[in-house]
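Trainee: Pasting a structure below so you can have a look.
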Amino acid sequence: MPLAVELREVDFAYEHGEPVLRDVNLAIGQGEFVAIAGPNGGGKTTLIRLVLGLERPTRGTVHLFGEPANRFSRREGLGYLAQRAQVGVEAPATVYEVVAAGRVSQRRFLGPLRADDRRVVEQAIDRVGLSDVARRPVDRLSGGQQQRAFIAKALAREPSLLVLDEPTTGVDAESQEALAALLDRLQRELRATVLYVSHEFGAVERYVERVVLVRGGIVFDGRPDELPGVWHDPSHVHV
Amino acid sequence: MFDQEFMRLAFTAGAIVGLLAPAVGFFLVQRRLSLVGDGIGHVAFAGVAAGYLLDVSPVLAALVVSAFGALALEWLRARTGGAGDQALALVFYVGIASGVVIVSIAGALNVNLFAFLFGSILTVTRTDLAVAAGLGGAALALVALLYRPLAAVSLDEEGARVAGVPVALLNGVVAVLAAVTIAVSMRIVGILLIAALMVLPVIAATRVAWSMASALAISMAIGLASAFAGLTLSYYGDLPPGGTIVLVAAAGFLLASGAESILGSR
């Protein structure tokens, strides 16, 4: 299987800080649905920031689809939902406007949206079931609907790699179930590689093919059913 | 009122300022950088003073100095991360202190300087108007061309960075646009008040808008209406134009807040 993500012998420390990750080796094939779990402060977000080329390793190499992550040339195909995503503006941005922001990329950012961009935006909104509220400001929607709007924004990139960092934070249990089922369906429809980062597996556990536990390094990498019982709550992981 | 050429010039310049200031201020307010215009305005004061000292056009000198100040501010803000207010304070105080020192050296503490600080209808010349139309038109065209990426960066800077959008370049463009707005506007509104016209119409529009795009359009409409109403009041009431325009914009904010309460639109 061709690789979407490859980290080799990666160490990482923030400037003047203790090492956050040590000796990380990870290979994720194209089209895999992988949960990256572990306790808060264990290095999950740092790991995906390395994958996305937002940070550079202090040792080792990180590749995306065969290219060095920090010089990756097809960035328009990276869908990313940041931790605690929220509308970062004062104005009442609508679902359509938030999702349309996902069509802005390295290669296409001048002038108004083109017809094919509008079609992709409408499709992404439809995929997450928000067509009825597309013209409503995002901050007037429920927490679950807001998360779906941000996922639609990531989908509007027509991503080959979709990275979701703690997408269920602040979302009720019912919405978490719906979100996990939605991601499973999208992953199968789009055949994208999905990295689902969370401090708990929750609803997504039954859909993912592989779980990677991170605590200063990778302490488990395998199928969810291979996880020792105590590790089903990753906040209790002991290295 | 329009029988007199200086009022025709003032209204034409006012139209450019009224549209441009909120259009650029929109992207500052969205990113919670409302006071950046004020900081750059104080750097422009140093530029005007340098213009007097070097005997070159104060507007041109203000444009060059405030553009450098704006880029320095953006660079400091990017480097200091969460301490953006400290970067702003640094640029703010260095700007005003440099201005005071240079004005004193140039011996330019006179009525002309006050016209730049607080705005004056009588000071707008045909040359000023041509410069304002050229720079203002170009700045508005750039805002229209870059609206989508500027909105995307305002909505989610890190997401835009992941997608390879040139975030640092776009932030630099907004900073320079703010400097251009101040240089274009200082004849009418004044260096010390122009930042208000970049912010007040935007926060007023945010109260009643139903989308980002409508917020931008409404803020430009409020800016234009404030400039026209302020100039009219200034003419008939013999009031300073800058202060009058800003007070009209503040009244627009109060009206919009009232409308928001009544309509429950937010």
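Ligands are numbered from 1 in the order shown, chains are lettered A, B, ... in the order of the structure tokens, and residues start at 1 in each chain.
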Skipping near chain neighbours, those fewer than 3 positions away, what residues fall within 7 Å of A:Ser160 using only C-alpha atoms, listed as a ChimeraX atom specification?

Mentor: /A:77-78,192-193

Trainee: For C-alpha atoms, I'd like the residues from the last selection saved as a compact mmCIF listing (two decimals), in the first residue's frame.

Mentor:
# COMPACT_ATOMS: atom_id res chain seq x y z
CA GLY A 77 -5.43 18.37 -0.61
CA LEU A 78 -4.85 18.53 3.17
CA ALA A 192 -9.15 9.59 1.96
CA THR A 193 -6.62 8.81 4.66

Trainee: With DSSP run on the backbone, what are the alpha helix (DSSP H) residues within stretch 112-150 of chain B? I'd like them as a PyMOL selection string.

Mentor: chain B and resi 112-118+126-145+147-150

Trainee: So, with only C-alpha atoms as the atoms that count, which of A:Ala156, A:Asp11, A:Leu141, A:Pro92 lies closest to A:Arg119?

Mentor: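 Of all the options, A:Ala156 lies closest to A:Arg119.
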
Trainee: Which chain B residues are at most 6 Å from chain A (counting only C-alpha atoms), as a list in words?

Mentor: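 Putting it all together, I get Gln30, Leu145, Leu146, Pro149, Ala152, Leu155, Ala163, Gly164, Val165, Thr206, Ser211 and Met212 of chain B.
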
Trainee: Give the strand (DSSP E or B) residues of stretch 2-215 of chain A, as assigned by DSSP on the backbone, as a ChimeraX atom specification.

Mentor: /A:3-13,19-29,33-37,59-64,67-68,78-81,94,137,161-165,193-198,210-214

Trainee: With only C-alpha atoms as the counted atoms, please give the residues lying no more than 7 Å from B:Val43, apart from itself and same-chain residues fewer than 6 positions off, as a VMD selection string.

Mentor: chain B and resid 65 to 66 69 92 95 to 96

Trainee: Would you save the residues of that selection, restricted to C-alpha atoms, as a compact mmCIF listing (two decimals), in the first residue's frame?

Mentor:
# COMPACT_ATOMS: atom_id res chain seq x y z
CA VAL B 65 6.95 55.65 7.18
CA SER B 66 3.59 54.16 8.20
CA GLY B 69 5.79 50.81 10.70
CA PHE B 92 2.54 53.09 19.08
CA GLY B 95 5.77 56.46 16.53
CA ILE B 96 4.37 59.24 18.71

Trainee: Can you tell me which residues surround stretch 236-244 of chain B at a distance of at most 12 Å, considering only C-alpha atoms, apart from same-chain residues fewer than 2 positions away, and format the answer as a PyMOL selection string?

Mentor: chain B and resi 1+7+10-11+14+17-18+114-124+185-197+226-234+246-251

Trainee: Would you mind listing what lies within 8 Å of A:Gln83 as a ChimeraX atom specification, with only C-alpha atoms counted and same-chain residues fewer than 5 positions away left out?

Mentor: /A:164-167,169

Trainee: Could you dump the residues just selected with C-alpha atoms as a compact mmCIF listing (two decimals), in the first residue's frame?

Mentor:
# COMPACT_ATOMS: atom_id res chain seq x y z
CA LEU A 164 -9.21 15.94 12.81
CA ASP A 165 -7.77 17.07 16.15
CA GLU A 166 -10.13 16.37 19.07
CA PRO A 167 -13.24 16.86 16.90
CA THR A 169 -14.52 18.29 22.30

Trainee: Which residues come within 8 Å of A:Gln147, counting only C-alpha atoms, excluding same-chain residues fewer than 3 positions away, as a PyMOL selection string?

Mentor: chain A and resi 85+143-144+150-151+167-168

Trainee: Using only C-alpha atoms, pick whichever of A:Asp172, A:Val62, A:Pro39, A:Val208 has the shortest atom-to-atom distance to A:Gly222.

Mentor: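 Closest to A:Gly222, using only C-alpha atoms: A:Val208.
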
Trainee: With only C-alpha atoms as the atoms that count, which of A:Ala35, A:Val20, A:Leu26, A:Val197 lies nearest to A:Pro57?

Mentor: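 Counting only C-alpha atoms, the residue closest to A:Pro57 is A:Val20.
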
Trainee: Need to verify the contact set: A:Leu190, 9 Å, only C-alpha atoms, exclusion of same-chain residues closer than 6 positions in sequence. Can you return it as number ranges by chain?

Mentor: A: 31, 158-160

Trainee: Please measure the separation of atom CA of B:Ala215 and atom CA of B:Ile16, giving the value in Å to one decimal.

Mentor: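 Here the two named atoms are 18.6 Å from each other.
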